[in-house]
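Below is the file start-v3.tsv, which contains TSV, C-alpha atoms.
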```
chain	number	residue	atom	x	y	z
A	1	MET	CA	67.21	17.80	-38.82
A	2	LYS	CA	64.59	15.66	-37.04
A	3	GLU	CA	63.15	12.68	-38.80
A	4	PRO	CA	59.45	13.08	-39.80
A	5	GLY	CA	58.36	10.21	-37.57
A	6	LYS	CA	60.07	11.61	-34.50
A	7	ALA	CA	58.74	15.13	-35.16
A	8	TYR	CA	55.20	13.76	-35.44
A	9	ALA	CA	55.58	11.80	-32.19
A	10	ALA	CA	56.90	14.89	-30.42
A	11	THR	CA	53.91	16.90	-31.64
A	12	ILE	CA	51.47	14.26	-30.36
A	13	LEU	CA	53.23	14.25	-26.98
A	14	VAL	CA	52.89	18.04	-26.68
A	15	VAL	CA	49.17	17.86	-27.54
A	16	VAL	CA	48.57	15.14	-24.94
A	17	VAL	CA	50.42	17.10	-22.24
A	18	LEU	CA	48.45	20.26	-23.04
A	19	ALA	CA	45.16	18.36	-22.98
A	20	GLN	CA	45.98	16.84	-19.59
A	21	SER	CA	46.89	20.28	-18.26
A	22	LEU	CA	43.60	21.78	-19.45
A	23	LEU	CA	41.59	18.93	-17.94
A	24	ALA	CA	43.36	19.42	-14.63
A	25	GLN	CA	42.42	23.10	-14.63
A	26	ASN	CA	38.85	22.50	-15.82
A	27	PRO	CA	37.61	19.13	-14.55
A	28	PRO	CA	34.70	17.66	-16.50
A	29	LEU	CA	31.20	18.26	-15.21
A	30	SER	CA	29.91	15.54	-12.94
A	31	ASN	CA	27.36	13.15	-14.36
A	32	LYS	CA	25.82	12.81	-10.91
A	33	PRO	CA	22.12	13.75	-11.05
A	34	PRO	CA	21.03	16.82	-9.06
A	35	TYR	CA	19.94	16.26	-5.50
A	36	ASP	CA	16.29	15.36	-5.25
A	37	PRO	CA	14.76	16.79	-2.06
A	38	ALA	CA	12.05	14.13	-2.27
A	39	THR	CA	14.63	11.64	-0.98
A	40	ARG	CA	14.63	13.26	2.45
A	41	PRO	CA	12.43	10.91	4.50
A	42	LYS	CA	11.71	13.45	7.23
A	43	PHE	CA	10.21	16.05	4.92
A	44	ARG	CA	8.66	13.45	2.63
A	45	ALA	CA	6.76	12.08	5.64
A	46	LEU	CA	5.78	15.60	6.69
A	47	VAL	CA	4.25	16.40	3.29
A	48	ASP	CA	2.51	13.01	3.19
A	49	ALA	CA	0.95	13.77	6.57
A	50	ILE	CA	-0.21	17.18	5.32
A	51	ASN	CA	-1.86	15.59	2.29
A	52	THR	CA	-3.54	12.91	4.38
A	53	ARG	CA	-4.99	15.41	6.82
A	54	SER	CA	-6.07	17.74	4.00
A	55	ARG	CA	-7.94	14.89	2.32
A	56	GLU	CA	-9.62	13.98	5.59
A	57	LEU	CA	-10.87	17.55	5.90
A	58	GLY	CA	-11.97	17.66	2.27
A	59	LEU	CA	-9.51	20.45	1.48
A	60	ILE	CA	-8.01	18.84	-1.63
A	61	GLU	CA	-10.13	19.18	-4.75
A	62	VAL	CA	-11.05	16.05	-6.70
A	63	ASN	CA	-9.90	16.24	-10.32
A	64	ASP	CA	-11.82	14.54	-13.13
A	65	ASP	CA	-8.52	13.36	-14.61
A	66	PRO	CA	-6.79	11.23	-11.94
A	67	ASP	CA	-3.55	10.92	-13.94
A	68	GLN	CA	-3.24	14.66	-14.34
A	69	ALA	CA	-4.12	15.18	-10.69
A	70	ALA	CA	-1.42	12.71	-9.64
A	71	PHE	CA	1.13	14.44	-11.86
A	72	ILE	CA	0.30	17.87	-10.43
A	73	ARG	CA	0.34	16.52	-6.89
A	74	ARG	CA	3.79	14.96	-7.38
A	75	ARG	CA	5.18	18.27	-8.62
A	76	MET	CA	3.60	20.19	-5.77
A	77	ASP	CA	4.83	17.66	-3.23
A	78	ALA	CA	8.40	17.87	-4.55
A	79	GLN	CA	8.28	21.66	-4.28
A	80	LEU	CA	6.79	21.53	-0.78
A	81	ILE	CA	9.45	19.10	0.41
A	82	GLU	CA	12.16	21.38	-0.93
A	83	ASP	CA	10.57	24.44	0.69
A	84	PHE	CA	10.27	22.78	4.09
A	85	GLU	CA	13.83	21.50	3.87
A	86	LYS	CA	15.08	24.97	2.92
A	87	LEU	CA	13.29	26.60	5.84
A	88	TYR	CA	15.18	24.22	8.09
A	89	SER	CA	18.59	24.60	6.44
A	90	ILE	CA	18.44	28.40	6.09
A	91	ASN	CA	17.54	28.66	9.75
A	92	VAL	CA	20.38	26.40	10.89
A	93	GLU	CA	23.03	27.64	8.48
A	94	LYS	CA	22.20	31.35	8.26
A	95	ILE	CA	19.81	32.69	10.90
A	96	VAL	CA	21.19	30.81	13.90
A	97	THR	CA	24.75	31.50	12.77
A	98	GLN	CA	24.08	35.21	12.37
A	99	SER	CA	22.35	35.32	15.75
A	100	ALA	CA	25.57	34.17	17.39
A	101	ALA	CA	27.95	36.23	15.23
A	102	ALA	CA	29.95	39.14	16.63
A	103	SER	CA	28.71	41.29	13.74
A	104	LEU	CA	25.83	40.97	11.31
A	105	ASP	CA	26.46	40.23	7.64
A	106	TYR	CA	23.71	42.16	5.89
A	107	LYS	CA	24.30	40.48	2.53
A	108	THR	CA	23.76	37.06	4.11
A	109	LEU	CA	20.62	38.27	5.87
A	110	LEU	CA	19.33	39.88	2.69
A	111	ASP	CA	19.63	36.66	0.69
A	112	ALA	CA	18.43	34.38	3.49
A	113	THR	CA	15.32	36.36	4.36
A	114	ALA	CA	14.35	36.84	0.71
A	115	ASP	CA	14.49	33.07	0.24
A	116	LEU	CA	12.64	32.43	3.49
A	117	LYS	CA	9.82	34.79	2.56
A	118	THR	CA	9.43	33.27	-0.92
A	119	ARG	CA	9.31	29.71	0.36
A	120	ALA	CA	7.11	30.43	3.37
A	121	THR	CA	4.64	32.31	1.15
A	122	ARG	CA	4.52	29.39	-1.28
A	123	ILE	CA	3.87	26.98	1.59
A	124	LYS	CA	1.07	29.25	2.81
A	125	TYR	CA	-0.77	29.08	-0.50
A	126	ASN	CA	0.01	25.44	-1.33
A	127	VAL	CA	-1.02	23.86	1.99
A	128	PRO	CA	-4.83	23.92	2.36
A	129	LEU	CA	-4.45	22.74	5.94
A	130	LEU	CA	-3.09	26.16	6.90
A	131	ARG	CA	-5.81	28.21	5.24
A	132	VAL	CA	-7.64	29.25	8.36
A	133	VAL	CA	-9.54	32.37	9.32
A	134	ASP	CA	-7.53	34.37	11.83
A	135	LYS	CA	-9.49	37.12	13.54
A	136	GLY	CA	-6.60	38.00	15.81
A	137	GLU	CA	-4.48	41.12	15.63
A	138	LYS	CA	-2.21	41.36	12.60
A	139	ILE	CA	1.50	40.80	13.17
A	140	ARG	CA	3.72	43.88	13.08
A	141	TYR	CA	7.47	44.09	13.53
A	142	ASP	CA	9.70	47.07	14.24
A	143	GLU	CA	11.88	48.14	11.31
A	144	ASN	CA	14.39	49.87	13.58
A	145	PRO	CA	17.92	48.70	12.60
A	146	ASP	CA	18.98	48.93	16.24
A	147	HIS	CA	16.61	46.08	17.06
A	148	LEU	CA	17.70	43.83	14.20
A	149	ALA	CA	19.97	41.57	16.23
A	150	SER	CA	17.14	40.75	18.63
A	151	THR	CA	14.78	39.79	15.79
A	152	LEU	CA	16.97	36.92	14.57
A	153	PRO	CA	16.35	34.61	17.55
A	154	GLU	CA	12.64	35.32	17.17
A	155	LEU	CA	12.75	34.37	13.48
A	156	SER	CA	14.58	31.17	14.36
A	157	ARG	CA	12.02	30.40	17.07
A	158	LEU	CA	9.15	30.85	14.60
A	159	ILE	CA	10.76	28.52	12.07
A	160	ASN	CA	11.39	25.84	14.69
A	161	SER	CA	7.87	26.19	16.05
A	162	PHE	CA	6.37	25.93	12.57
A	163	LEU	CA	8.40	22.91	11.46
A	164	GLY	CA	7.77	21.17	14.78
A	165	SER	CA	4.03	21.75	14.79
A	166	PRO	CA	2.00	18.71	15.94
A	167	VAL	CA	-0.52	19.49	13.20
A	168	PHE	CA	1.89	17.91	10.71
A	169	ARG	CA	2.08	14.67	12.69
A	170	LEU	CA	-1.25	14.20	14.44
A	171	SER	CA	-4.64	13.50	12.92
A	172	SER	CA	-7.30	14.96	15.16
A	173	PRO	CA	-10.81	16.22	14.42
A	174	ASN	CA	-10.25	19.01	16.95
A	175	ASP	CA	-7.03	20.53	15.64
A	176	ALA	CA	-8.43	23.98	14.81
A	177	GLU	CA	-6.28	25.67	17.45
A	178	LEU	CA	-3.16	23.85	16.28
A	179	ARG	CA	-3.84	24.83	12.69
A	180	LEU	CA	-4.37	28.45	13.73
A	181	LYS	CA	-1.13	28.58	15.72
A	182	THR	CA	0.82	26.95	12.89
A	183	SER	CA	-0.66	29.41	10.41
A	184	ARG	CA	0.34	32.29	12.68
A	185	ASP	CA	3.89	30.95	12.94
A	186	LEU	CA	4.08	30.81	9.14
A	187	ASN	CA	2.73	34.34	8.79
A	188	GLY	CA	5.26	35.44	11.38
A	189	ILE	CA	8.08	33.94	9.32
A	190	ILE	CA	6.84	35.81	6.25
A	191	LYS	CA	6.40	39.16	8.02
A	192	LEU	CA	9.61	39.04	10.05
A	193	SER	CA	11.67	37.92	7.04
A	194	GLU	CA	10.24	40.85	5.12
A	195	THR	CA	11.10	43.27	7.94
A	196	ILE	CA	14.68	42.03	8.26
A	197	ASN	CA	15.06	42.15	4.49
A	198	LYS	CA	13.94	45.79	4.37
A	199	ILE	CA	16.51	46.75	6.99
A	200	ALA	CA	19.25	44.81	5.19
A	201	LYS	CA	18.52	46.68	1.95
A	202	ARG	CA	19.32	50.07	3.42
A	203	PRO	CA	22.39	51.37	1.57
A	204	THR	CA	24.06	52.83	4.64
A	205	LYS	CA	24.32	49.39	6.19
A	206	THR	CA	26.75	46.72	5.04
A	207	VAL	CA	28.00	45.01	8.17
A	208	ALA	CA	26.70	46.24	11.51
A	209	SER	CA	28.38	45.76	14.85
A	210	ARG	CA	26.27	44.40	17.64
```

Now, as a test, write the supplied structure out as structure tokens.
Amino acid sequence: MKEPGKAYAATILVVVVLAQSLLAQNPPLSNKPPYDPATRPKFRALVDAINTRSRELGLIEVNDDPDQAAFIRRRMDAQLIEDFEKLYSINVEKIVTQSAAASLDYKTLLDATADLKTRATRIKYNVPLLRVVDKGEKIRYDENPDHLASTLPELSRLINSFLGSPVFRLSSPNDAELRLKTSRDLNGIIKLSETINKIAKRPTKTVASR
């Protein structure tokens, strides 16, 4: 018969071993704070340039409560920075990759284009600089699944053109044409993302060969 002290020690040892095993299987959650997109200098500078140009053109409303206005602006800026960054990363990681793939992953395209449309639409309504009157012909894209593969490079081109627009870097009193082109690129991203998303939702398509 084991002595009480030894039995107790053995029990403690078993508990410790079990606890270590559980921790190994389920590591504790990291205390690291979530990534803040506002730390990306490139997109922070881009949003700052947008705000500066919008103020120069009188497109940002003056609020009677400066503290509240500053709070709202900080939140909007953080969202804009994230949206711009996501346009870039989705293009590089999903659209460009799918453009070069031997076959199209419709689930990836479905998720990517839904996110692109949401973020591009939010940018459209949150950036006064891009609220321009466009009397040109409305953009239309073919919803034929057979043409899907050829639409991906066009979507990537629109995203690159939009993010690289000089209107986000230059301050010029005569930038109406630049603003119009940038607005058209953004609308193109929204419309083409929507078109690709509609095709990807069709139940008969899961993965299509090129």

A:Ser103, A:Ile189, A:Val133, A:Tyr141 ranked by distance to Ala176 of chain A, top pick (using all atoms listed in the file): A:Val133

Work out how far apart atom CA of Thr151 of chain A and atom CA of Glu82 of chain A are and give it in Å to one decimal.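 These atoms are spaced 25.0 Å apart.
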
Could you produce a table of the residues of segment 132-186 of chain A lying within 12 Å of segment 115-125 of chain A, with the nearest pair of atoms per residue and their separation in Å rounded to one decimal, using only C-alpha atoms, ordered by chain and increasing residue number, as CSV?
```
residue,atom,partner,partner_atom,distance
A:Val132,CA,A:Lys124,CA,10.3
A:Leu155,CA,A:Leu116,CA,10.2
A:Ser156,CA,A:Leu116,CA,11.1
A:Leu158,CA,A:Ala120,CA,11.4
A:Ile159,CA,A:Leu116,CA,9.6
A:Phe162,CA,A:Ala120,CA,10.3
A:Leu163,CA,A:Ala120,CA,11.1
A:Arg179,CA,A:Lys124,CA,11.9
A:Thr182,CA,A:Lys124,CA,10.3
A:Ser183,CA,A:Lys124,CA,7.8
A:Arg184,CA,A:Lys124,CA,10.4
A:Asp185,CA,A:Ala120,CA,10.1
A:Leu186,CA,A:Ala120,CA,6.5
```

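Of the listed residues (A:Lys42, A:Lys181, A:Arg169, A:Arg157), A:Lys181 comes nearest to Asp134 of chain A; the distances count all atoms listed in the file.
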
Please list as JSON, numbers by chain every residue within 9 Å of Leu192 of chain A, counting only C-alpha atoms and excluding residues in the same chain fewer than 2 positions away. {"A": [113, 117, 139, 140, 141, 151, 152, 154, 155, 187, 188, 189, 190, 194, 195, 196, 197]}

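Every protein or nucleic acid residue with an atom no more than 9 Å from Lys201 of chain A, counting all atoms listed in the file and leaving out same-chain residues fewer than 6 positions away, appears here: Tyr106, Lys107 and Leu110 of chain A.
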
Point (8.8, 15.2, 7.0) neighbourhood (9 Å, only C-alpha atoms) written as a list in words: Arg40, Pro41, Lys42, Phe43, Arg44, Ala45, Leu46, Val47, Asp48, Ala49, Ile81, Phe84, Glu85, Leu163, Phe168 and Arg169 of chain A

Give me, please, the distance in Å between atom CA of Ile95 of chain A and atom CA of Ala114 of chain A, quoted to one decimal. 12.3 Å

Quick one, how far is atom CA of Arg75 of chain A from atom CA of Arg131 of chain A?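 Straight-line distance from atom CA of Arg75 of chain A to atom CA of Arg131 of chain A works out to 20.3 Å.
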
Just checking: using only C-alpha atoms, which residue out of A:Lys135, A:Lys86, A:Lys94, A:Arg74 ends up closest to Leu180 of chain A? A:Lys135
